[in-house]
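Q: model10.cif is reproduced in full below (mmCIF, C-alpha atoms).
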```cif
data_model
loop_
_atom_site.label_atom_id
_atom_site.label_comp_id
_atom_site.auth_asym_id
_atom_site.auth_seq_id
_atom_site.Cartn_x
_atom_site.Cartn_y
_atom_site.Cartn_z
CA MET M 146 0.00 0.00 0.00
CA ASP M 147 1.39 3.39 -0.99
CA PRO M 148 2.17 5.76 1.88
CA LEU M 149 -0.21 8.63 2.42
CA VAL M 150 1.23 11.85 1.05
CA LEU M 151 -0.20 15.13 2.40
CA ALA M 152 -0.20 17.63 -0.43
CA ARG M 153 -0.79 21.37 -0.09
CA PRO M 154 -4.33 22.27 -1.14
CA VAL M 155 -4.47 23.65 -4.62
CA GLU M 156 -5.90 27.16 -4.76
CA PRO M 157 -8.90 27.37 -7.09
CA ALA M 158 -8.19 28.80 -10.51
CA THR M 159 -10.76 31.50 -9.95
CA ALA M 160 -9.22 32.79 -6.71
CA LEU M 161 -8.26 36.45 -6.57
CA ARG M 162 -4.63 37.25 -6.11
CA PRO M 163 -4.01 39.34 -2.99
CA GLY M 164 -4.27 43.00 -3.74
CA VAL M 165 -5.95 46.28 -2.86
CA ILE M 166 -8.64 48.37 -4.53
CA GLU M 167 -8.15 52.09 -3.87
CA VAL M 168 -10.86 54.74 -4.17
CA LEU M 169 -9.32 57.97 -5.50
CA ASP M 170 -10.57 61.48 -4.87
CA ARG M 171 -10.69 64.30 -7.42
CA ASN M 172 -7.00 65.08 -6.86
CA GLY M 173 -5.83 61.51 -7.31
CA GLN M 174 -5.28 61.00 -3.58
CA VAL M 175 -6.39 57.75 -1.94
CA ALA M 176 -9.66 58.24 -0.06
CA GLN M 177 -10.27 54.58 0.85
CA ARG M 178 -8.57 51.19 0.51
CA LEU M 179 -10.20 47.76 0.47
CA ARG M 180 -8.24 44.49 0.45
CA LEU M 181 -9.41 41.85 -1.99
CA ASP M 182 -10.66 38.53 -0.64
CA ALA M 183 -8.75 35.66 -2.23
CA HIS M 184 -11.82 33.43 -2.52
CA ALA M 185 -14.71 35.79 -3.26
CA PRO M 186 -15.43 38.43 -5.89
CA LEU M 187 -15.72 42.07 -4.88
CA CYS M 188 -19.07 43.72 -5.64
CA VAL M 189 -19.13 47.51 -6.11
CA GLY M 190 -22.12 49.84 -6.21
CA ARG M 191 -24.44 52.12 -4.25
CA ALA M 192 -26.54 49.37 -2.69
CA TYR M 193 -25.81 48.43 0.90
CA ASP M 194 -25.28 44.75 0.10
CA ASN M 195 -22.08 45.51 -1.87
CA ASP M 196 -18.58 44.87 -0.56
CA LEU M 197 -17.54 48.41 -1.59
CA ILE M 198 -20.33 50.95 -1.19
CA LEU M 199 -19.87 54.18 -3.18
CA ASP M 200 -21.73 57.39 -2.39
CA ASP M 201 -21.90 58.47 -6.03
CA PRO M 202 -25.30 59.19 -7.63
CA TYR M 203 -23.90 58.25 -11.06
CA VAL M 204 -23.03 54.72 -9.88
CA SER M 205 -25.65 52.00 -10.24
CA PRO M 206 -26.85 50.05 -7.16
CA HIS M 207 -24.90 47.03 -8.46
CA HIS M 208 -22.41 48.53 -10.88
CA LEU M 209 -19.53 46.09 -11.32
CA ARG M 210 -17.83 43.01 -9.91
CA ILE M 211 -14.09 42.42 -9.55
CA GLU M 212 -13.31 38.75 -10.06
CA ALA M 213 -10.58 36.37 -11.18
CA GLY M 214 -10.51 34.90 -14.63
CA PRO M 215 -8.19 32.97 -16.90
CA ASP M 216 -6.42 36.16 -17.90
CA GLY M 217 -6.11 37.58 -14.38
CA ILE M 218 -8.16 39.94 -12.27
CA SER M 219 -10.97 41.65 -14.16
CA ALA M 220 -13.62 44.30 -13.56
CA VAL M 221 -16.94 43.17 -15.03
CA ASP M 222 -19.76 45.61 -15.75
CA LEU M 223 -23.10 44.41 -14.33
CA ASP M 224 -25.27 46.09 -17.00
CA SER M 225 -24.89 49.44 -15.23
CA ASP M 226 -26.54 52.61 -16.48
CA ASN M 227 -23.37 54.69 -16.94
CA GLY M 228 -20.90 51.97 -17.80
CA LEU M 229 -17.30 51.03 -17.09
CA TYR M 230 -14.36 52.99 -18.52
CA LEU M 231 -10.61 53.28 -18.28
CA ASP M 232 -9.45 56.44 -16.53
CA ASP M 233 -9.19 58.87 -19.47
CA ASP M 234 -10.90 56.76 -22.12
CA GLU M 235 -14.40 57.41 -23.45
CA GLN M 236 -14.91 53.86 -24.76
CA ARG M 237 -17.31 51.81 -22.69
CA HIS M 238 -16.18 48.30 -21.67
CA THR M 239 -18.01 45.25 -20.42
CA ARG M 240 -14.82 43.72 -18.95
CA LEU M 241 -11.40 45.17 -18.15
CA VAL M 242 -8.31 43.24 -17.07
CA LEU M 243 -6.67 44.99 -14.11
CA ALA M 244 -2.90 45.22 -14.13
CA ALA M 245 -0.90 47.05 -11.47
CA ASP M 246 -1.86 50.76 -11.34
CA THR M 247 -4.84 50.32 -13.66
CA VAL M 248 -7.41 53.07 -12.98
CA ILE M 249 -11.04 52.47 -13.93
CA ARG M 250 -13.91 54.95 -13.87
CA LEU M 251 -17.52 54.27 -12.92
CA GLY M 252 -19.82 57.26 -12.63
CA GLU M 253 -17.65 60.04 -11.20
CA THR M 254 -15.59 57.63 -9.08
CA ARG M 255 -12.16 56.30 -9.96
CA LEU M 256 -10.79 53.01 -8.63
CA ARG M 257 -7.18 51.85 -8.81
CA TYR M 258 -5.88 48.32 -8.43
CA ARG M 259 -2.54 47.54 -6.85
CA PRO M 260 -1.21 44.06 -5.99
CA SER M 261 0.05 43.26 -2.52
CA ASP M 262 3.66 43.11 -3.76
CA TYR M 263 3.45 46.61 -5.21
CA SER M 264 6.62 48.51 -4.32
CA VAL M 265 6.00 51.61 -2.22
CA PRO M 266 8.21 54.74 -2.50
CA PRO M 267 11.01 55.28 0.04
CA THR M 268 10.09 56.71 3.41
CA LEU M 269 10.36 60.50 3.50
CA ALA M 270 12.55 62.11 6.11
CA ALA M 271 10.66 63.80 8.92
CA VAL M 272 10.56 67.59 8.93
CA SER M 273 13.70 68.83 10.61
CA GLN M 274 13.56 70.82 13.83
CA PRO M 275 14.66 74.16 12.29
CA GLN M 276 11.43 74.15 10.23
CA ARG M 277 9.16 73.18 13.10
CA TRP M 278 9.59 76.51 14.86
CA LEU M 279 7.29 78.01 12.24
CA GLU M 280 4.47 75.90 13.66
CA ARG M 281 4.51 77.54 17.07
CA PRO M 282 1.04 79.01 17.67
CA TRP M 283 2.24 82.24 19.28
CA LEU M 284 4.26 83.36 16.25
CA PRO M 285 1.30 84.76 14.26
CA LEU M 286 0.12 86.61 17.37
CA LEU M 287 3.54 88.29 17.55
CA LEU M 288 4.33 88.85 13.88
CA VAL M 289 0.96 90.18 12.67
CA PRO M 290 0.91 93.10 15.18
CA ALA M 291 4.61 93.72 14.46
CA THR M 292 3.87 93.97 10.74
CA ALA M 293 0.95 96.30 11.40
CA GLY M 294 3.06 98.51 13.66
CA PHE M 295 5.92 98.68 11.20
CA THR M 296 3.52 99.57 8.37
CA ALA M 297 1.92 102.34 10.45
CA LEU M 298 5.32 103.75 11.45
CA THR M 299 6.54 103.73 7.84
CA HIS M 300 3.40 105.52 6.70
CA LEU M 301 3.84 108.18 9.39
CA LEU M 302 7.48 108.80 8.49
CA GLU M 303 6.89 108.99 4.75
CA SER M 304 3.69 111.03 4.82
CA VAL M 305 3.99 114.75 4.05
CA GLU M 306 0.31 115.47 4.58
CA ARG M 307 -1.73 116.15 7.64
CA LEU M 308 -2.30 113.03 9.69
CA ARG M 309 -5.67 111.47 8.97
CA PRO M 310 -6.63 108.48 11.15
CA ALA M 311 -8.80 106.95 8.43
CA LYS M 312 -5.96 107.03 5.91
CA LEU M 313 -3.52 105.62 8.47
CA LEU M 314 -5.96 102.84 9.32
CA LEU M 315 -6.40 102.00 5.64
CA ALA M 316 -2.64 101.92 5.04
CA THR M 317 -2.20 99.61 8.04
CA ALA M 318 -5.12 97.30 7.22
CA ALA M 319 -4.12 96.73 3.58
CA PRO M 320 -1.05 94.54 4.28
CA LEU M 321 -2.93 92.65 6.99
CA LEU M 322 -5.72 91.85 4.53
CA LEU M 323 -3.09 90.79 2.00
CA ILE M 324 -1.52 88.42 4.56
CA ALA M 325 -4.91 86.92 5.43
CA LEU M 326 -5.87 86.26 1.79
CA TRP M 327 -2.41 85.03 0.77
CA ALA M 328 -2.16 82.66 3.74
CA GLY M 329 -5.70 81.44 3.09
CA LEU M 330 -4.84 80.42 -0.47
CA TRP M 331 -1.76 78.52 0.66
CA ALA M 332 -3.68 76.92 3.53
CA LEU M 333 -6.23 75.67 1.01
CA ALA M 334 -3.38 74.22 -1.07
CA SER M 335 -2.00 72.56 2.08
CA ARG M 336 -5.38 71.01 2.77
CA LEU M 337 -5.73 69.69 -0.78
CA PHE M 338 -2.20 68.33 -1.23
CA GLY M 339 -0.89 67.87 2.31
CA HIS M 340 -4.17 66.99 4.08
CA ARG M 341 -3.57 69.63 6.78
CA PHE M 342 -4.81 73.23 6.83
CA ARG M 343 -1.89 74.96 8.63
CA TYR M 344 -3.36 78.45 8.29
CA GLY M 345 -1.31 79.80 11.21
CA VAL M 346 1.94 78.55 9.68
CA HIS M 347 1.21 80.27 6.37
CA VAL M 348 0.29 83.49 8.21
CA THR M 349 3.67 83.30 9.95
CA ILE M 350 5.55 82.78 6.68
CA ALA M 351 3.73 85.64 4.93
CA SER M 352 4.25 88.00 7.88
CA ILE M 353 7.98 87.23 8.02
CA ALA M 354 8.32 87.88 4.28
CA LEU M 355 6.37 91.16 4.37
CA LEU M 356 8.19 92.40 7.44
CA GLY M 357 11.53 91.35 5.93
CA ALA M 358 10.78 93.22 2.70
CA GLY M 359 9.95 96.37 4.65
CA LEU M 360 13.08 96.13 6.78
CA LEU M 361 15.20 95.49 3.69
CA GLU M 362 13.86 98.61 2.00
CA LEU M 363 14.51 100.64 5.16
CA LEU M 364 18.04 99.28 5.49
CA LEU M 365 18.90 99.99 1.85
CA ASP M 366 17.39 103.44 2.20
CA TYR M 367 19.75 104.28 5.05
CA LEU M 368 22.72 102.62 3.34
CA GLY M 369 22.03 104.63 0.20
CA PHE M 370 22.00 107.79 2.27
CA ALA M 371 25.11 106.87 4.26
CA LEU M 372 27.27 105.63 1.37
CA ASP M 373 25.73 107.51 -1.56
CA LEU M 374 24.48 104.31 -3.24
CA ASP M 375 21.59 105.82 -5.16
CA GLY M 376 22.65 104.04 -8.34
CA LEU M 377 22.88 100.65 -6.63
CA GLU M 378 19.89 100.88 -4.33
CA LEU M 379 17.32 99.66 -6.86
CA PRO M 380 19.39 96.65 -8.06
CA LEU M 381 20.15 95.67 -4.47
CA GLN M 382 16.50 96.00 -3.56
CA ALA M 383 15.52 93.84 -6.55
CA LEU M 384 18.08 91.19 -5.58
CA GLY M 385 16.98 91.20 -1.95
CA GLY M 386 13.32 91.07 -2.97
CA THR M 387 14.06 88.07 -5.16
CA LEU M 388 15.72 86.22 -2.29
CA ILE M 389 12.84 87.05 0.05
CA GLY M 390 10.33 85.95 -2.59
CA ALA M 391 12.17 82.67 -3.13
CA ALA M 392 12.27 82.05 0.63
CA LEU M 393 8.55 82.89 0.85
CA LEU M 394 7.61 80.39 -1.86
CA TYR M 395 9.93 77.74 -0.45
CA GLY M 396 8.39 78.08 3.01
CA HIS M 397 4.86 77.73 1.68
CA LEU M 398 5.73 74.81 -0.61
CA CYS M 399 7.37 72.89 2.23
CA TYR M 400 3.97 72.65 3.92
CA CYS M 401 2.04 71.89 0.73
CA SER M 402 4.11 69.21 -0.97
CA GLN M 403 5.98 66.01 -0.21
CA VAL M 404 8.56 66.72 -2.92
CA SER M 405 12.20 66.81 -1.84
CA ARG M 406 13.43 70.05 -0.32
CA ARG M 407 16.04 70.46 -3.07
CA ARG M 408 13.39 70.43 -5.79
CA LEU M 409 11.20 72.82 -3.84
CA ALA M 410 14.10 75.25 -3.41
CA LEU M 411 14.91 75.01 -7.12
CA SER M 412 11.28 75.65 -8.09
CA ALA M 413 10.99 78.61 -5.72
CA GLY M 414 14.24 80.10 -7.01
CA LEU M 415 13.17 79.76 -10.64
CA LEU M 416 9.78 81.35 -9.97
CA ALA M 417 11.31 84.26 -8.08
CA SER M 418 13.93 84.76 -10.80
CA GLY M 419 11.19 84.78 -13.42
CA VAL M 420 9.32 87.50 -11.57
CA LEU M 421 12.56 89.49 -11.27
CA ALA M 422 13.14 89.17 -15.02
CA LEU M 423 9.63 90.44 -15.80
CA VAL M 424 10.02 93.40 -13.44
CA SER M 425 13.44 94.21 -14.91
CA LEU M 426 12.03 94.18 -18.45
CA GLN M 427 9.25 96.48 -17.35
CA GLN M 428 11.76 98.88 -15.81
CA LEU M 429 13.88 98.89 -18.98
CA ALA M 430 10.80 99.68 -21.08
CA ARG M 431 10.00 102.76 -19.03
CA ASP M 432 10.90 106.26 -20.17
CA PRO M 433 14.05 107.32 -18.28
CA PHE M 434 12.55 110.80 -17.85
CA SER M 435 9.68 111.05 -15.41
CA ALA M 436 7.54 113.90 -14.13
CA ALA M 437 7.53 112.21 -10.72
CA PRO M 438 11.14 111.28 -9.95
CA ARG M 439 11.85 108.91 -7.08
CA TYR M 440 13.54 110.54 -4.15
CA HIS M 441 13.88 109.94 -0.42
CA ILE M 442 11.28 111.86 1.55
CA THR M 443 12.24 110.51 4.97
CA LEU M 444 14.72 112.83 6.65
CA LYS M 445 17.71 111.13 8.21
CA PRO M 446 20.23 112.32 10.79
CA PRO M 447 23.21 114.03 9.10
CA ALA M 448 25.54 111.97 11.28
CA PHE M 449 24.52 108.88 9.27
CA GLN M 450 26.04 110.31 6.11
CA LEU M 451 29.48 108.69 5.78
CA HIS M 452 30.15 109.71 2.19
CA GLN M 453 31.07 113.32 1.55
CA GLY M 454 29.12 114.74 -1.37
CA GLU M 455 30.29 117.19 -3.99
CA PRO M 456 30.86 120.73 -2.68
CA SER M 457 28.29 123.25 -3.87
CA ALA M 458 30.93 125.45 -5.51
CA GLU M 459 32.09 122.60 -7.74
CA PHE M 460 28.51 121.71 -8.60
CA PHE M 461 27.64 125.22 -9.78
CA GLN M 462 30.88 125.29 -11.75
CA ARG M 463 29.75 122.18 -13.66
CA LEU M 464 26.19 123.43 -14.06
CA PRO M 465 26.55 124.70 -17.71
CA GLN M 466 27.90 121.31 -18.78
CA LEU M 467 25.00 119.55 -17.07
CA GLN M 468 22.50 121.84 -18.78
CA GLN M 469 24.04 121.15 -22.18
CA ARG M 470 23.93 117.38 -21.62
CA LEU M 471 20.32 117.62 -20.48
CA GLN M 472 19.32 119.56 -23.60
CA GLN M 473 21.02 116.98 -25.82
CA ALA M 474 19.22 114.14 -24.04
CA LEU M 475 15.88 115.91 -24.42
CA ALA M 476 16.50 116.49 -28.11
CA GLU M 477 17.38 112.81 -28.65
CA SER M 478 14.30 111.64 -26.77
CA ALA M 479 12.09 113.99 -28.85
CA GLU M 480 13.38 112.43 -32.06
#
```
Can you dump the structure from the file as structure tokens?
A:
Amino acid sequence: MDPLVLARPVEPATALRPGVIEVLDRNGQVAQRLRLDAHAPLCVGRAYDNDLILDDPYVSPHHLRIEAGPDGISAVDLDSDNGLYLDDDEQRHTRLVLAADTVIRLGETRLRYRPSDYSVPPTLAAVSQPQRWLERPWLPLLLVPATAGFTALTHLLESVERLRPAKLLLATAAPLLLIALWAGLWALASRLFGHRFRYGVHVTIASIALLGAGLLELLLDYLGFALDLDGLELPLQALGGTLIGAALLYGHLCYCSQVSRRRLALSAGLLASGVLALVSLQQLARDPFSAAPRYHITLKPPAFQLHQGEPSAEFFQRLPQLQQRLQQALAESAE
């Protein structure tokens, strides 16, 4: 008599291979995952007796069934009203074979199949501690009033008219409204792509950038006065504004995307450089002669002036030459 040999049970030919069906939202993010049963088909629809219940009015009560067949795992249309489609295809199908990363569409819902051995991307590094300080809840409470105070002080120093409280209030409220709207847009992007709102963090980033831009302009204003850098003040201000703009975009993007920090910094730098190029082209296209020339209206202490200017006697001695050059420039511009 032959010895009894215990063999491993043979899995039925119609068994589903282990895998996962993912329900995708409008942005392609996974809203729900359901593991496939190796020995039973998966029924999908709006009815409550389905394995995967979809709250989509364009999906039939019993819309499709995911089952195993001779050619692999397939999605079979159950004579639904709106049909079964590939993701971006308009051709209706009665059966679709599901390979890894296949996306099918039923109604306004998209499903994606991935096998259990699907390789996941590498684990992202946690946000480093130097970036986490932006998440401290007291920072917006400190920076927003500081920005408002700095704006009010700048308006008072630069105004040559009689002080009007309504005008001062409007000048102070404008940047605060800008911060609120700008941070709101980025917070919405964070919610869509990063699944967290982070409105306070974006308010902090915007306030730092706006306050930094104001302080940079003030610093260059005093440096221009102290060292007679009128010709270099605008290029330095443009360069500093570009760096601040790049840092602003980088800070926002870090809380909206899971892309590597190097790519985010490159993207922010390119965007800021593009804005600088557009502004520079606009400046070059302007008429060099203006009826409203730019000049410093904020008086500064004479002790801050480190560069000795041209004596008045020498200036008046060169005045005829300056007048002649001005007339030549006017004649050329008239032509």
Q: What is the atom CA of M:Thr268 to atom CA of M:Cys401 distance in Å?
A: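 Atom CA of M:Thr268 sits 17.4 Å away from atom CA of M:Cys401.
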Q: Can you give me, as a list in words, the residues this file yields under the PyMOL selection byres ((chain M and resi 351) around 9)?
A: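 Given this file, the PyMOL selection byres ((chain M and resi 351) around 9) evaluates to Ile324, Ala325, Trp327, Ala328, Val346, His347, Val348, Thr349, Ile350, Ser352, Ile353, Ala354, Leu355, Leu356, Leu393 and His397 of chain M.
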Q: Given the PyMOL selection byres ((chain M and resi 234-251) around 9) and the file above, list the residues it selects as a VMD selection string.
A: chain M and resid 203 to 205 208 to 209 214 216 to 224 227 to 233 252 to 260 263
Q: For the file shown, what are the residues hit by the PyMOL selection byres ((chain M and resi 367) around 12), laid out as a list in words?
A: Leu360, Leu361, Glu362, Leu363, Leu364, Leu365, Asp366, Leu368, Gly369, Phe370, Ala371, Leu372, Asp373, Leu374, Asp375, Glu378, His441, Ile442, Thr443, Leu444, Lys445, Pro446, Pro447, Ala448, Phe449, Gln450 and Leu451 of chain M
Q: Deliver the residues from the most recent selection as a file, using C-alpha atoms, as a PDB file, in the coordinates of the input.
A:
```
ATOM      1  CA  LEU M 360      13.080  96.130   6.780  1.00  0.00           C
ATOM      2  CA  LEU M 361      15.200  95.490   3.690  1.00  0.00           C
ATOM      3  CA  GLU M 362      13.860  98.610   2.000  1.00  0.00           C
ATOM      4  CA  LEU M 363      14.510 100.640   5.160  1.00  0.00           C
ATOM      5  CA  LEU M 364      18.040  99.280   5.490  1.00  0.00           C
ATOM      6  CA  LEU M 365      18.900  99.990   1.850  1.00  0.00           C
ATOM      7  CA  ASP M 366      17.390 103.440   2.200  1.00  0.00           C
ATOM      8  CA  LEU M 368      22.720 102.620   3.340  1.00  0.00           C
ATOM      9  CA  GLY M 369      22.030 104.630   0.200  1.00  0.00           C
ATOM     10  CA  PHE M 370      22.000 107.790   2.270  1.00  0.00           C
ATOM     11  CA  ALA M 371      25.110 106.870   4.260  1.00  0.00           C
ATOM     12  CA  LEU M 372      27.270 105.630   1.370  1.00  0.00           C
ATOM     13  CA  ASP M 373      25.730 107.510  -1.560  1.00  0.00           C
ATOM     14  CA  LEU M 374      24.480 104.310  -3.240  1.00  0.00           C
ATOM     15  CA  ASP M 375      21.590 105.820  -5.160  1.00  0.00           C
ATOM     16  CA  GLU M 378      19.890 100.880  -4.330  1.00  0.00           C
ATOM     17  CA  HIS M 441      13.880 109.940  -0.420  1.00  0.00           C
ATOM     18  CA  ILE M 442      11.280 111.860   1.550  1.00  0.00           C
ATOM     19  CA  THR M 443      12.240 110.510   4.970  1.00  0.00           C
ATOM     20  CA  LEU M 444      14.720 112.830   6.650  1.00  0.00           C
ATOM     21  CA  LYS M 445      17.710 111.130   8.210  1.00  0.00           C
ATOM     22  CA  PRO M 446      20.230 112.320  10.790  1.00  0.00           C
ATOM     23  CA  PRO M 447      23.210 114.030   9.100  1.00  0.00           C
ATOM     24  CA  ALA M 448      25.540 111.970  11.280  1.00  0.00           C
ATOM     25  CA  PHE M 449      24.520 108.880   9.270  1.00  0.00           C
ATOM     26  CA  GLN M 450      26.040 110.310   6.110  1.00  0.00           C
ATOM     27  CA  LEU M 451      29.480 108.690   5.780  1.00  0.00           C
TER      28      LEU M 451
END
```
Q: Any idea what's packed within 8 Å of M:Thr296, counting all atoms listed in the file, ignoring anything in its chain fewer than 5 positions away? Could you give it as a list in words?
A: Ala316, Thr317 and Pro320 of chain M
Q: Compare M:Ala332, M:Tyr400, M:Asp226, M:His340 by their minimum atom-to-atom distance to M:Pro202, counting all atoms listed in the file, and give me the closest one.
A: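 When distances to M:Pro202 are compared using all atoms listed in the file, the smallest one comes from M:Asp226.
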Q: Just how far from atom CA of M:Pro163 is atom CA of M:Val189, in Å to one decimal?
A: 17.5 Å
Q: With stretch 177-188 of chain M as the partner and 9 Å as the cut-off, tabulate the residues of stretch 210-257 of chain M that qualify, each row holding the nearest pair of atoms and their distance in Å to one decimal, using all atoms listed in the file, sorted by chain and rising number, as a Markdown table.
A:
```
| residue | atom | partner | partner_atom | distance |
| --- | --- | --- | --- | --- |
| M:Arg210 | CA | M:Cys188 | CA | 4.5 |
| M:Ile211 | CA | M:Leu187 | CA | 5.0 |
| M:Glu212 | CA | M:Pro186 | CA | 4.7 |
| M:Ala213 | CA | M:Pro186 | CA | 7.5 |
```
Q: How far is it from atom CA of M:Pro285 to atom CA of M:Leu322, in Å with one decimal?
A: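 Here the two named atoms are 13.9 Å from each other.
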Q: From the list M:Asp194, M:Asp201, M:Glu280, M:Asp170, which residue is nearest M:Gly396 when using all atoms listed in the file?
A: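 The shortest atom-to-atom distance to M:Gly396 comes from M:Glu280.
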Q: So that I can see what lies close to M:Ala192, please list as a PyMOL selection string the residues with an atom at most 7 Å from it, counting all atoms listed in the file and leaving out residues fewer than 5 positions away in the same chain.
A: chain M and resi 198+206-207
Q: Quick one: stretch 463-477 of chain M with N, CA, C and O atoms, as a compact mmCIF listing (two decimals), in the coordinates of the input?
A:
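To be explicit, this is the file written out as out.txt:
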```
# COMPACT_ATOMS: atom_id res chain seq x y z
N ARG M 463 30.07 123.14 -12.61
CA ARG M 463 29.75 122.18 -13.66
C ARG M 463 28.34 122.34 -14.21
O ARG M 463 27.92 121.60 -15.10
N LEU M 464 27.59 123.29 -13.69
CA LEU M 464 26.19 123.43 -14.06
C LEU M 464 25.97 123.66 -15.56
O LEU M 464 25.07 123.06 -16.16
N PRO M 465 26.76 124.53 -16.25
CA PRO M 465 26.55 124.70 -17.71
C PRO M 465 26.72 123.40 -18.49
O PRO M 465 25.97 123.13 -19.43
N GLN M 466 27.71 122.58 -18.09
CA GLN M 466 27.90 121.31 -18.78
C GLN M 466 26.69 120.38 -18.57
O GLN M 466 26.25 119.69 -19.50
N LEU M 467 26.16 120.38 -17.36
CA LEU M 467 25.00 119.55 -17.07
C LEU M 467 23.79 120.01 -17.88
O LEU M 467 23.01 119.17 -18.39
N GLN M 468 23.62 121.33 -18.00
CA GLN M 468 22.50 121.84 -18.78
C GLN M 468 22.63 121.46 -20.25
O GLN M 468 21.64 121.09 -20.90
N GLN M 469 23.83 121.51 -20.78
CA GLN M 469 24.04 121.15 -22.18
C GLN M 469 23.75 119.66 -22.40
O GLN M 469 23.10 119.28 -23.38
N ARG M 470 24.19 118.81 -21.50
CA ARG M 470 23.93 117.38 -21.62
C ARG M 470 22.44 117.08 -21.51
O ARG M 470 21.89 116.22 -22.21
N LEU M 471 21.76 117.81 -20.63
CA LEU M 471 20.32 117.62 -20.48
C LEU M 471 19.57 118.02 -21.75
O LEU M 471 18.64 117.32 -22.19
N GLN M 472 19.97 119.12 -22.36
CA GLN M 472 19.32 119.56 -23.60
C GLN M 472 19.55 118.55 -24.73
O GLN M 472 18.65 118.27 -25.51
N GLN M 473 20.74 117.99 -24.81
CA GLN M 473 21.02 116.98 -25.82
C GLN M 473 20.17 115.72 -25.61
O GLN M 473 19.62 115.14 -26.56
N ALA M 474 20.03 115.32 -24.34
CA ALA M 474 19.22 114.14 -24.04
C ALA M 474 17.76 114.39 -24.37
O ALA M 474 17.07 113.49 -24.90
N LEU M 475 17.26 115.59 -24.08
CA LEU M 475 15.88 115.91 -24.42
C LEU M 475 15.66 115.92 -25.91
O LEU M 475 14.63 115.46 -26.41
N ALA M 476 16.63 116.45 -26.65
CA ALA M 476 16.50 116.49 -28.11
C ALA M 476 16.49 115.08 -28.68
O ALA M 476 15.72 114.78 -29.60
N GLU M 477 17.34 114.19 -28.16
CA GLU M 477 17.38 112.81 -28.65
C GLU M 477 16.08 112.06 -28.32
O GLU M 477 15.59 111.28 -29.13
```
